[in-house]
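Engineer: target.cif is reproduced below (mmCIF, C-alpha atoms).
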data_entry
loop_
_atom_site.group_PDB
_atom_site.id
_atom_site.type_symbol
_atom_site.label_atom_id
_atom_site.label_comp_id
_atom_site.auth_asym_id
_atom_site.auth_seq_id
_atom_site.Cartn_x
_atom_site.Cartn_y
_atom_site.Cartn_z
ATOM 1 C CA MET A 8 0.000 0.000 0.000
ATOM 2 C CA SER A 9 1.426 3.374 -0.996
ATOM 3 C CA VAL A 10 1.759 6.335 1.325
ATOM 4 C CA GLN A 11 -0.919 8.203 -0.604
ATOM 5 C CA SER A 12 -3.420 5.333 -0.458
ATOM 6 C CA ALA A 13 -2.691 4.762 3.224
ATOM 7 C CA GLY A 14 -3.355 8.402 3.959
ATOM 8 C CA ARG A 15 -6.561 8.279 1.981
ATOM 9 C CA SER A 16 -7.673 5.131 3.754
ATOM 10 C CA GLY A 17 -7.130 6.860 7.086
ATOM 11 C CA LEU A 18 -9.207 9.774 5.885
ATOM 12 C CA VAL A 19 -11.972 7.477 4.656
ATOM 13 C CA ALA A 20 -12.030 5.872 8.091
ATOM 14 C CA GLN A 21 -12.876 9.296 9.496
ATOM 15 C CA PHE A 22 -15.797 9.617 7.041
ATOM 16 C CA PRO A 23 -17.549 6.225 6.820
ATOM 17 C CA ALA A 24 -20.643 5.956 4.667
ATOM 18 C CA PRO A 25 -23.040 5.758 7.669
ATOM 19 C CA LEU A 26 -21.732 9.047 9.127
ATOM 20 C CA VAL A 27 -24.836 11.011 8.157
ATOM 21 C CA ALA A 28 -27.072 8.175 9.308
ATOM 22 C CA ARG A 29 -25.403 8.090 12.733
ATOM 23 C CA PHE A 30 -25.766 11.850 13.030
ATOM 24 C CA ALA A 31 -29.428 11.617 11.996
ATOM 25 C CA ARG A 32 -30.112 9.072 14.749
ATOM 26 C CA ASN A 33 -29.263 11.774 17.295
ATOM 27 C CA ARG A 34 -32.569 13.627 17.387
ATOM 28 C CA LEU A 35 -31.241 16.391 19.589
ATOM 29 C CA ALA A 36 -28.405 17.059 17.144
ATOM 30 C CA VAL A 37 -30.805 17.129 14.196
ATOM 31 C CA ALA A 38 -33.072 19.513 16.098
ATOM 32 C CA GLY A 39 -30.047 21.710 16.802
ATOM 33 C CA LEU A 40 -29.125 21.753 13.114
ATOM 34 C CA VAL A 41 -32.679 22.754 12.219
ATOM 35 C CA VAL A 42 -32.635 25.559 14.805
ATOM 36 C CA VAL A 43 -29.315 26.884 13.448
ATOM 37 C CA ALA A 44 -30.653 26.801 9.887
ATOM 38 C CA LEU A 45 -33.858 28.593 10.901
ATOM 39 C CA PHE A 46 -31.948 31.332 12.712
ATOM 40 C CA LEU A 47 -29.644 31.814 9.726
ATOM 41 C CA LEU A 48 -32.696 32.244 7.501
ATOM 42 C CA PHE A 49 -34.356 34.497 10.075
ATOM 43 C CA CYS A 50 -31.356 36.817 10.424
ATOM 44 C CA PHE A 51 -30.059 36.932 6.847
ATOM 45 C CA VAL A 52 -33.196 36.408 4.748
ATOM 46 C CA GLY A 53 -35.768 37.811 7.191
ATOM 47 C CA PRO A 54 -34.774 41.495 6.702
ATOM 48 C CA LEU A 55 -35.483 41.117 2.985
ATOM 49 C CA LEU A 56 -39.061 40.106 3.763
ATOM 50 C CA TYR A 57 -39.643 42.244 6.857
ATOM 51 C CA SER A 58 -37.940 45.553 6.092
ATOM 52 C CA THR A 59 -37.454 48.013 8.968
ATOM 53 C CA ASP A 60 -35.370 51.127 9.606
ATOM 54 C CA GLN A 61 -32.758 50.268 12.238
ATOM 55 C CA ILE A 62 -30.696 53.442 11.750
ATOM 56 C CA HIS A 63 -33.013 56.385 12.371
ATOM 57 C CA THR A 64 -35.020 56.929 15.544
ATOM 58 C CA ASP A 65 -38.779 57.543 15.642
ATOM 59 C CA LEU A 66 -39.764 59.128 18.950
ATOM 60 C CA THR A 67 -43.462 58.893 18.065
ATOM 61 C CA GLN A 68 -43.254 55.086 18.149
ATOM 62 C CA VAL A 69 -41.314 54.421 21.357
ATOM 63 C CA ASN A 70 -42.014 51.507 23.708
ATOM 64 C CA LEU A 71 -45.057 50.231 21.834
ATOM 65 C CA ARG A 72 -46.424 46.852 22.846
ATOM 66 C CA PRO A 73 -46.510 44.063 20.226
ATOM 67 C CA ASN A 74 -49.206 44.866 17.663
ATOM 68 C CA GLY A 75 -50.127 44.330 14.039
ATOM 69 C CA ALA A 76 -47.664 46.935 12.786
ATOM 70 C CA HIS A 77 -44.793 45.924 15.102
ATOM 71 C CA TRP A 78 -45.002 42.210 15.865
ATOM 72 C CA LEU A 79 -42.586 42.414 18.805
ATOM 73 C CA GLY A 80 -43.249 46.031 19.711
ATOM 74 C CA THR A 81 -40.676 48.843 19.629
ATOM 75 C CA ASP A 82 -37.791 49.919 21.835
ATOM 76 C CA ALA A 83 -36.964 53.162 23.636
ATOM 77 C CA VAL A 84 -36.001 54.993 20.427
ATOM 78 C CA GLY A 85 -38.755 53.634 18.180
ATOM 79 C CA HIS A 86 -36.888 50.799 16.476
ATOM 80 C CA ASP A 87 -39.037 47.831 15.491
ATOM 81 C CA GLU A 88 -37.975 45.067 17.888
ATOM 82 C CA LEU A 89 -38.481 42.171 15.454
ATOM 83 C CA GLY A 90 -36.364 43.903 12.845
ATOM 84 C CA ARG A 91 -33.769 44.680 15.491
ATOM 85 C CA LEU A 92 -33.738 41.022 16.524
ATOM 86 C CA MET A 93 -32.898 40.102 12.939
ATOM 87 C CA TYR A 94 -30.322 42.879 12.647
ATOM 88 C CA GLY A 95 -28.672 42.036 15.951
ATOM 89 C CA GLY A 96 -28.764 38.317 15.188
ATOM 90 C CA LYS A 97 -26.949 38.909 11.927
ATOM 91 C CA VAL A 98 -24.107 40.576 13.827
ATOM 92 C CA SER A 99 -24.042 37.914 16.564
ATOM 93 C CA LEU A 100 -24.042 35.001 14.115
ATOM 94 C CA LEU A 101 -21.542 36.634 11.761
ATOM 95 C CA VAL A 102 -19.121 37.392 14.601
ATOM 96 C CA GLY A 103 -19.641 33.973 16.179
ATOM 97 C CA LEU A 104 -19.145 32.020 12.957
ATOM 98 C CA ALA A 105 -16.156 34.035 11.757
ATOM 99 C CA ALA A 106 -14.454 34.114 15.169
ATOM 100 C CA GLY A 107 -15.069 30.395 15.661
ATOM 101 C CA VAL A 108 -13.511 29.568 12.301
ATOM 102 C CA LEU A 109 -10.563 31.911 12.928
ATOM 103 C CA ALA A 110 -9.933 30.417 16.375
ATOM 104 C CA THR A 111 -10.113 26.890 14.966
ATOM 105 C CA VAL A 112 -7.689 27.682 12.140
ATOM 106 C CA ILE A 113 -5.146 29.243 14.499
ATOM 107 C CA GLY A 114 -5.528 26.451 17.046
ATOM 108 C CA THR A 115 -5.271 23.769 14.375
ATOM 109 C CA VAL A 116 -2.031 25.116 12.949
ATOM 110 C CA TRP A 117 -0.520 25.702 16.395
ATOM 111 C CA GLY A 118 -1.517 22.296 17.760
ATOM 112 C CA ALA A 119 -0.433 20.391 14.640
ATOM 113 C CA VAL A 120 3.005 22.020 14.590
ATOM 114 C CA ALA A 121 3.515 21.509 18.341
ATOM 115 C CA GLY A 122 2.410 17.876 18.305
ATOM 116 C CA TYR A 123 4.368 16.965 15.201
ATOM 117 C CA ALA A 124 7.584 18.743 16.223
ATOM 118 C CA GLY A 125 7.635 17.345 19.762
ATOM 119 C CA GLY A 126 10.570 17.923 22.101
ATOM 120 C CA TRP A 127 11.396 21.414 23.299
ATOM 121 C CA VAL A 128 9.343 23.022 20.510
ATOM 122 C CA ASP A 129 6.219 21.263 21.763
ATOM 123 C CA ALA A 130 7.065 22.124 25.377
ATOM 124 C CA VAL A 131 7.494 25.851 24.648
ATOM 125 C CA MET A 132 4.423 26.122 22.433
ATOM 126 C CA MET A 133 2.188 24.328 24.905
ATOM 127 C CA ARG A 134 3.429 26.422 27.822
ATOM 128 C CA VAL A 135 2.208 29.435 25.843
ATOM 129 C CA VAL A 136 -1.174 27.726 25.552
ATOM 130 C CA ASP A 137 -1.235 26.907 29.273
ATOM 131 C CA ALA A 138 -0.443 30.520 30.141
ATOM 132 C CA GLY A 139 -3.189 31.757 27.842
ATOM 133 C CA ILE A 140 -5.780 29.374 29.278
ATOM 134 C CA ALA A 141 -4.915 30.606 32.788
ATOM 135 C CA ILE A 142 -6.167 34.094 31.830
ATOM 136 C CA PRO A 143 -9.967 34.240 31.460
ATOM 137 C CA ALA A 144 -10.986 35.180 27.924
ATOM 138 C CA LEU A 145 -13.711 37.490 29.229
ATOM 139 C CA PHE A 146 -11.121 39.468 31.228
ATOM 140 C CA ILE A 147 -8.988 39.960 28.114
ATOM 141 C CA LEU A 148 -12.037 41.055 26.135
ATOM 142 C CA LEU A 149 -13.035 43.573 28.779
ATOM 143 C CA VAL A 150 -9.532 45.060 28.906
ATOM 144 C CA VAL A 151 -9.280 45.339 25.117
ATOM 145 C CA SER A 152 -12.802 46.752 24.811
ATOM 146 C CA ALA A 153 -12.041 49.343 27.490
ATOM 147 C CA ILE A 154 -8.965 50.493 25.558
ATOM 148 C CA THR A 155 -10.570 50.588 22.121
ATOM 149 C CA THR A 156 -14.037 50.453 20.578
ATOM 150 C CA PRO A 157 -14.014 47.444 18.273
ATOM 151 C CA GLY A 158 -16.314 47.150 15.307
ATOM 152 C CA VAL A 159 -17.466 43.864 13.855
ATOM 153 C CA PRO A 160 -14.098 43.046 12.181
ATOM 154 C CA GLY A 161 -12.281 43.986 15.382
ATOM 155 C CA LEU A 162 -14.509 41.750 17.496
ATOM 156 C CA ILE A 163 -13.930 38.840 15.128
ATOM 157 C CA VAL A 164 -10.152 39.208 15.364
ATOM 158 C CA ILE A 165 -10.144 39.701 19.144
ATOM 159 C CA LEU A 166 -12.441 36.732 19.793
ATOM 160 C CA GLY A 167 -10.423 34.557 17.431
ATOM 161 C CA LEU A 168 -7.171 35.469 19.172
ATOM 162 C CA VAL A 169 -8.491 34.614 22.645
ATOM 163 C CA SER A 170 -10.378 31.437 21.683
ATOM 164 C CA TRP A 171 -7.831 29.299 19.808
ATOM 165 C CA LEU A 172 -6.232 27.731 22.883
ATOM 166 C CA VAL A 173 -8.613 24.806 23.443
ATOM 167 C CA PRO A 174 -8.640 23.707 19.763
ATOM 168 C CA SER A 175 -4.846 23.731 19.771
ATOM 169 C CA ARG A 176 -4.744 21.245 22.651
ATOM 170 C CA LEU A 177 -7.243 18.945 20.939
ATOM 171 C CA VAL A 178 -5.396 18.985 17.612
ATOM 172 C CA ARG A 179 -2.040 18.476 19.350
ATOM 173 C CA ALA A 180 -3.364 15.357 21.087
ATOM 174 C CA GLU A 181 -4.652 14.020 17.760
ATOM 175 C CA THR A 182 -1.333 14.810 16.059
ATOM 176 C CA LEU A 183 0.658 12.953 18.698
ATOM 177 C CA THR A 184 -1.325 9.832 17.819
ATOM 178 C CA LEU A 185 -1.291 10.245 14.051
ATOM 179 C CA LYS A 186 2.402 11.023 13.613
ATOM 180 C CA SER A 187 3.285 7.477 14.706
ATOM 181 C CA ARG A 188 1.045 5.873 12.071
ATOM 182 C CA ASP A 189 2.693 3.754 9.381
ATOM 183 C CA TYR A 190 1.837 6.047 6.472
ATOM 184 C CA VAL A 191 3.442 9.056 8.194
ATOM 185 C CA LEU A 192 6.536 7.058 9.186
ATOM 186 C CA THR A 193 6.828 5.738 5.629
ATOM 187 C CA LEU A 194 6.582 9.230 4.195
ATOM 188 C CA ARG A 195 9.382 10.440 6.459
ATOM 189 C CA ALA A 196 11.497 7.382 5.617
ATOM 190 C CA ILE A 197 11.382 8.123 1.875
ATOM 191 C CA GLY A 198 12.333 11.757 2.439
ATOM 192 C CA GLY A 199 8.960 13.460 2.555
ATOM 193 C CA SER A 200 8.953 16.921 4.110
ATOM 194 C CA HIS A 201 7.469 17.795 7.485
ATOM 195 C CA SER A 202 5.021 20.224 5.874
ATOM 196 C CA ARG A 203 3.797 17.495 3.524
ATOM 197 C CA ALA A 204 3.293 15.103 6.425
ATOM 198 C CA ILE A 205 1.218 17.691 8.264
ATOM 199 C CA THR A 206 -0.848 19.017 5.358
ATOM 200 C CA ARG A 207 -1.415 15.744 3.487
ATOM 201 C CA HIS A 208 -1.786 13.268 6.338
ATOM 202 C CA ILE A 209 -1.995 14.771 9.827
ATOM 203 C CA LEU A 210 -4.596 17.474 9.187
ATOM 204 C CA PRO A 211 -6.876 15.493 6.813
ATOM 205 C CA ASN A 212 -7.058 12.669 9.345
ATOM 206 C CA SER A 213 -7.803 15.161 12.130
ATOM 207 C CA VAL A 214 -10.856 16.579 10.370
ATOM 208 C CA SER A 215 -13.309 15.039 12.821
ATOM 209 C CA THR A 216 -11.598 16.718 15.779
ATOM 210 C CA ILE A 217 -11.315 20.015 13.917
ATOM 211 C CA VAL A 218 -14.966 20.096 12.816
ATOM 212 C CA VAL A 219 -16.285 19.298 16.292
ATOM 213 C CA ALA A 220 -13.960 21.881 17.875
ATOM 214 C CA ALA A 221 -15.126 24.529 15.383
ATOM 215 C CA THR A 222 -18.777 23.897 16.267
ATOM 216 C CA PHE A 223 -18.166 24.443 19.972
ATOM 217 C CA GLN A 224 -15.975 27.482 19.258
ATOM 218 C CA VAL A 225 -18.835 29.162 17.389
ATOM 219 C CA ALA A 226 -21.148 28.678 20.372
ATOM 220 C CA ASP A 227 -18.504 30.032 22.758
ATOM 221 C CA ALA A 228 -17.851 33.051 20.522
ATOM 222 C CA ILE A 229 -21.566 33.936 20.402
ATOM 223 C CA LEU A 230 -21.680 33.812 24.198
ATOM 224 C CA LEU A 231 -18.522 35.905 24.577
ATOM 225 C CA VAL A 232 -19.738 38.658 22.280
ATOM 226 C CA ALA A 233 -23.057 38.648 24.147
ATOM 227 C CA TYR A 234 -21.202 39.046 27.469
ATOM 228 C CA VAL A 235 -19.130 41.959 26.214
ATOM 229 C CA SER A 236 -22.061 43.691 24.530
ATOM 230 C CA TYR A 237 -24.235 43.216 27.606
ATOM 231 C CA LEU A 238 -21.623 45.203 29.533
ATOM 232 C CA GLY A 239 -21.771 47.933 26.904
ATOM 233 C CA LEU A 240 -18.335 47.258 25.407
ATOM 234 C CA GLY A 241 -19.309 45.497 22.175
ATOM 235 C CA VAL A 242 -20.409 46.943 18.839
ATOM 236 C CA GLN A 243 -21.605 50.505 19.189
ATOM 237 C CA PRO A 244 -24.936 52.081 18.118
ATOM 238 C CA PRO A 245 -26.576 52.159 15.662
ATOM 239 C CA SER A 246 -25.180 48.632 15.258
ATOM 240 C CA THR A 247 -26.229 46.091 17.831
ATOM 241 C CA ASP A 248 -26.244 42.393 18.640
ATOM 242 C CA TRP A 249 -28.306 40.215 20.923
ATOM 243 C CA GLY A 250 -26.133 41.017 23.944
ATOM 244 C CA GLY A 251 -26.519 44.735 23.294
ATOM 245 C CA MET A 252 -30.289 44.305 23.015
ATOM 246 C CA LEU A 253 -30.319 42.556 26.394
ATOM 247 C CA SER A 254 -28.354 45.399 27.945
ATOM 248 C CA ALA A 255 -30.633 48.053 26.421
ATOM 249 C CA GLY A 256 -33.799 46.258 27.506
ATOM 250 C CA LEU A 257 -32.778 45.359 31.056
ATOM 251 C CA THR A 258 -34.131 48.459 32.763
ATOM 252 C CA ALA A 259 -37.251 48.425 30.580
ATOM 253 C CA ALA A 260 -38.039 44.918 31.791
ATOM 254 C CA TYR A 261 -38.676 46.298 35.273
ATOM 255 C CA SER A 262 -41.383 48.478 33.725
ATOM 256 C CA GLY A 263 -43.137 45.467 32.232
ATOM 257 C CA ARG A 264 -41.726 45.835 28.708
ATOM 258 C CA TRP A 265 -40.809 42.161 28.457
ATOM 259 C CA TRP A 266 -40.597 42.228 24.666
ATOM 260 C CA LEU A 267 -37.282 44.105 24.909
ATOM 261 C CA ILE A 268 -35.459 41.373 26.816
ATOM 262 C CA VAL A 269 -37.207 38.010 26.338
ATOM 263 C CA PRO A 270 -36.714 37.638 22.525
ATOM 264 C CA PRO A 271 -32.934 38.329 22.461
ATOM 265 C CA GLY A 272 -32.425 36.244 25.593
ATOM 266 C CA LEU A 273 -34.263 33.284 24.090
ATOM 267 C CA ALA A 274 -32.387 33.716 20.809
ATOM 268 C CA ILE A 275 -29.008 33.491 22.548
ATOM 269 C CA ILE A 276 -30.054 30.440 24.556
ATOM 270 C CA LEU A 277 -31.520 28.621 21.557
ATOM 271 C CA VAL A 278 -28.606 29.295 19.209
ATOM 272 C CA VAL A 279 -25.899 28.397 21.731
ATOM 273 C CA CYS A 280 -27.716 25.214 22.784
ATOM 274 C CA ALA A 281 -28.285 24.344 19.119
ATOM 275 C CA PHE A 282 -24.589 24.668 18.210
ATOM 276 C CA ASN A 283 -23.633 22.612 21.257
ATOM 277 C CA ALA A 284 -26.157 19.924 20.286
ATOM 278 C CA VAL A 285 -24.764 19.835 16.745
ATOM 279 C CA GLY A 286 -21.246 19.543 18.171
ATOM 280 C CA ASP A 287 -22.285 16.652 20.405
ATOM 281 C CA GLY A 288 -23.956 14.938 17.456
ATOM 282 C CA LEU A 289 -20.889 15.338 15.252
ATOM 283 C CA ARG A 290 -18.627 14.034 18.005
ATOM 284 C CA ASP A 291 -20.798 10.946 18.440
ATOM 285 C CA ALA A 292 -21.052 10.415 14.678
ATOM 286 C CA PHE A 293 -17.293 10.607 14.187
ATOM 287 C CA ASP A 294 -16.569 8.407 17.201
ATOM 288 C CA VAL A 295 -16.144 4.997 15.570
ATOM 289 C CA ARG A 296 -15.544 3.476 18.996
ATOM 290 C CA GLY A 297 -19.145 4.276 19.874
ATOM 291 C CA ARG A 298 -20.556 2.042 17.161
ATOM 292 C CA GLY A 299 -22.193 -1.123 18.345
#
Here is the file; what I need is its structure written in the form of structure tokens.
Structural biologist:
Amino acid sequence: MSVQSAGRSGLVAQFPAPLVARFARNRLAVAGLVVVALFLLFCFVGPLLYSTDQIHTDLTQVNLRPNGAHWLGTDAVGHDELGRLMYGGKVSLLVGLAAGVLATVIGTVWGAVAGYAGGWVDAVMMRVVDAGIAIPALFILLVVSAITTPGVPGLIVILGLVSWLVPSRLVRAETLTLKSRDYVLTLRAIGGSHSRAITRHILPNSVSTIVVAATFQVADAILLVAYVSYLGLGVQPPSTDWGGMLSAGLTAAYSGRWWLIVPPGLAIILVVCAFNAVGDGLRDAFDVRGRG
């Protein structure tokens, strides 16, 4: 068996034909996938069907209860709350997805290099990871947000740079196992480069770990941006996200205006739980040891 075919056979083992069927058997994971898809449609397609002005204020329409014209009422400056939920969800999902992917990419590269290199290189790189994990990500976000006012691109970069540590540990552990496989050892014996071993064999056979890690990173990023925005340090008006909507509606909730806090709160809970359910389903589907 050649090195190429051995590598491909390892990759095929990660993606057996019944993978989708095993994922589909997990009803909670399927429900989570449906919820994620519905929220993506709601936030990105919904504004095309339910057009509202989320830039200008209308002081004649402030704090209206849900009615035929405004299905979820209006906020303290006259913005339609349903339209704002779509607008804020677009920011939350965009930041969460982009930051989760960025964190996974950084963590994957870092963990693969550390695990494959081994020795003192691995020791130094992983001590950096340990030091980073010891500092709470929320603390770093609060410090950075207090120094500067990040926009959406800034939030994506900041969240990605504070969230890559856990994926790096997972990919490193997978790399330590894979680098001792026959097809990797054979490649090195015939003079194959380290970069080829990593990009053609280590990373493709770590796809299951990477995909599952990315799913959880998206959920964590959505929560982190909600935390920061709730404290008033996220995206600034007129932009908003679900965390910012929670912060703006908190005081109004004491006056009985529940429609300003319940919808964004439920949206955050549903989306985060949905991504976690999808991650659990993917982990179980990829776990060949769990097959009976």
Engineer: Translate the PyMOL selection byres ((chain A and resi 223) around 8) into a concrete residue list for this structure, as a list in words.
Structural biologist: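 Applying the PyMOL selection byres ((chain A and resi 223) around 8) to the structure shown produces Gly107, Val219, Ala220, Ala221, Thr222, Gln224, Val225, Ala226, Asp227, Phe282, Asn283 and Gly286 of chain A.
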Engineer: Using Å and a single decimal, report how far atom CA of A:Leu66 sits from atom CA of A:Pro245.
Structural biologist: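 About the pair atom CA of A:Pro245 and atom CA of A:Leu66: they are 15.3 Å apart.
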Engineer: The PyMOL selection byres ((chain A and resi 89-103) around 7) - which residues does that actually catch in the file I just gave you? List them as a PDB file with C-alpha atoms, keeping the file's coordinate frame.
Structural biologist:
ATOM      1  CA  PHE A  49     -34.356  34.497  10.075  1.00  0.00           C
ATOM      2  CA  CYS A  50     -31.356  36.817  10.424  1.00  0.00           C
ATOM      3  CA  PHE A  51     -30.059  36.932   6.847  1.00  0.00           C
ATOM      4  CA  GLY A  53     -35.768  37.811   7.191  1.00  0.00           C
ATOM      5  CA  PRO A  54     -34.774  41.495   6.702  1.00  0.00           C
ATOM      6  CA  THR A  59     -37.454  48.013   8.968  1.00  0.00           C
ATOM      7  CA  GLN A  61     -32.758  50.268  12.238  1.00  0.00           C
ATOM      8  CA  TRP A  78     -45.002  42.210  15.865  1.00  0.00           C
ATOM      9  CA  LEU A  79     -42.586  42.414  18.805  1.00  0.00           C
ATOM     10  CA  HIS A  86     -36.888  50.799  16.476  1.00  0.00           C
ATOM     11  CA  ASP A  87     -39.037  47.831  15.491  1.00  0.00           C
ATOM     12  CA  GLU A  88     -37.975  45.067  17.888  1.00  0.00           C
ATOM     13  CA  LEU A 104     -19.145  32.020  12.957  1.00  0.00           C
ATOM     14  CA  ALA A 105     -16.156  34.035  11.757  1.00  0.00           C
ATOM     15  CA  ALA A 106     -14.454  34.114  15.169  1.00  0.00           C
ATOM     16  CA  GLY A 107     -15.069  30.395  15.661  1.00  0.00           C
ATOM     17  CA  VAL A 159     -17.466  43.864  13.855  1.00  0.00           C
ATOM     18  CA  LEU A 162     -14.509  41.750  17.496  1.00  0.00           C
ATOM     19  CA  ILE A 163     -13.930  38.840  15.128  1.00  0.00           C
ATOM     20  CA  VAL A 225     -18.835  29.162  17.389  1.00  0.00           C
ATOM     21  CA  ALA A 226     -21.148  28.678  20.372  1.00  0.00           C
ATOM     22  CA  ALA A 228     -17.851  33.051  20.522  1.00  0.00           C
ATOM     23  CA  ILE A 229     -21.566  33.936  20.402  1.00  0.00           C
ATOM     24  CA  THR A 247     -26.229  46.091  17.831  1.00  0.00           C
ATOM     25  CA  ASP A 248     -26.244  42.393  18.640  1.00  0.00           C
ATOM     26  CA  TRP A 249     -28.306  40.215  20.923  1.00  0.00           C
ATOM     27  CA  PRO A 271     -32.934  38.329  22.461  1.00  0.00           C
TER      28      PRO A 271
END
Engineer: Evaluated on this file, the PyMOL selection byres ((chain A and resi 121) around 10) picks out some residues - which ones are they, written as an mmCIF file with C-alpha atoms, keeping the file's coordinate frame?
Structural biologist:
data_model
loop_
_atom_site.group_PDB
_atom_site.id
_atom_site.type_symbol
_atom_site.label_atom_id
_atom_site.label_comp_id
_atom_site.auth_asym_id
_atom_site.auth_seq_id
_atom_site.Cartn_x
_atom_site.Cartn_y
_atom_site.Cartn_z
ATOM 1 C CA THR A 115 -5.271 23.769 14.375
ATOM 2 C CA VAL A 116 -2.031 25.116 12.949
ATOM 3 C CA TRP A 117 -0.520 25.702 16.395
ATOM 4 C CA GLY A 118 -1.517 22.296 17.760
ATOM 5 C CA ALA A 119 -0.433 20.391 14.640
ATOM 6 C CA VAL A 120 3.005 22.020 14.590
ATOM 7 C CA GLY A 122 2.410 17.876 18.305
ATOM 8 C CA TYR A 123 4.368 16.965 15.201
ATOM 9 C CA ALA A 124 7.584 18.743 16.223
ATOM 10 C CA GLY A 125 7.635 17.345 19.762
ATOM 11 C CA GLY A 126 10.570 17.923 22.101
ATOM 12 C CA TRP A 127 11.396 21.414 23.299
ATOM 13 C CA VAL A 128 9.343 23.022 20.510
ATOM 14 C CA ASP A 129 6.219 21.263 21.763
ATOM 15 C CA ALA A 130 7.065 22.124 25.377
ATOM 16 C CA VAL A 131 7.494 25.851 24.648
ATOM 17 C CA MET A 132 4.423 26.122 22.433
ATOM 18 C CA MET A 133 2.188 24.328 24.905
ATOM 19 C CA SER A 175 -4.846 23.731 19.771
ATOM 20 C CA ARG A 176 -4.744 21.245 22.651
ATOM 21 C CA VAL A 178 -5.396 18.985 17.612
ATOM 22 C CA ARG A 179 -2.040 18.476 19.350
ATOM 23 C CA ALA A 180 -3.364 15.357 21.087
ATOM 24 C CA THR A 182 -1.333 14.810 16.059
ATOM 25 C CA LEU A 183 0.658 12.953 18.698
#
Engineer: As an exercise, work out the distance from atom CA of A:Leu240 to atom CA of A:Ala44 in Å and give it to one decimal place.
Structural biologist: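 According to the coordinates, atom CA of A:Leu240 and atom CA of A:Ala44 are separated by 28.5 Å.
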Engineer: Report, in Å with one decimal, the straight-line distance from atom CA of A:Val235 to atom CA of A:Leu273.
Structural biologist: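 Computed distance, atom CA of A:Val235 to atom CA of A:Leu273, equals 17.6 Å.
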Engineer: Axis-aligned box over every listed atom of stretch 206-209 of chain A, padded by 4 Å per side: centre and edges in Å to one decimal, as AutoDock Vina command-line options?
Structural biologist:
--center_x -1.4 --center_y 16.1 --center_z 6.7 --size_x 9.1 --size_y 13.7 --size_z 14.3
Engineer: Using all atoms listed in the file, which residue out of A:Val84, A:Ala31, A:Val69, A:Ile142 lies closest to A:Gly288?
Structural biologist: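 The shortest atom-to-atom distance to A:Gly288 comes from A:Ala31.
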Engineer: Pick the closest to A:Val164 from A:Ala28, A:Val108, A:Ala36, A:Ala138: which is it, counting all atoms listed in the file?
Structural biologist: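 Smallest distance to A:Val164 is found for A:Val108.
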Engineer: Check the smallest atom-to-atom distance from each of A:Leu149, A:Val43, A:Ile268, A:Ala196 to A:Ser254 using only C-alpha atoms, then report the winner.
Structural biologist: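 Closest residue, counting only C-alpha atoms: A:Ile268.
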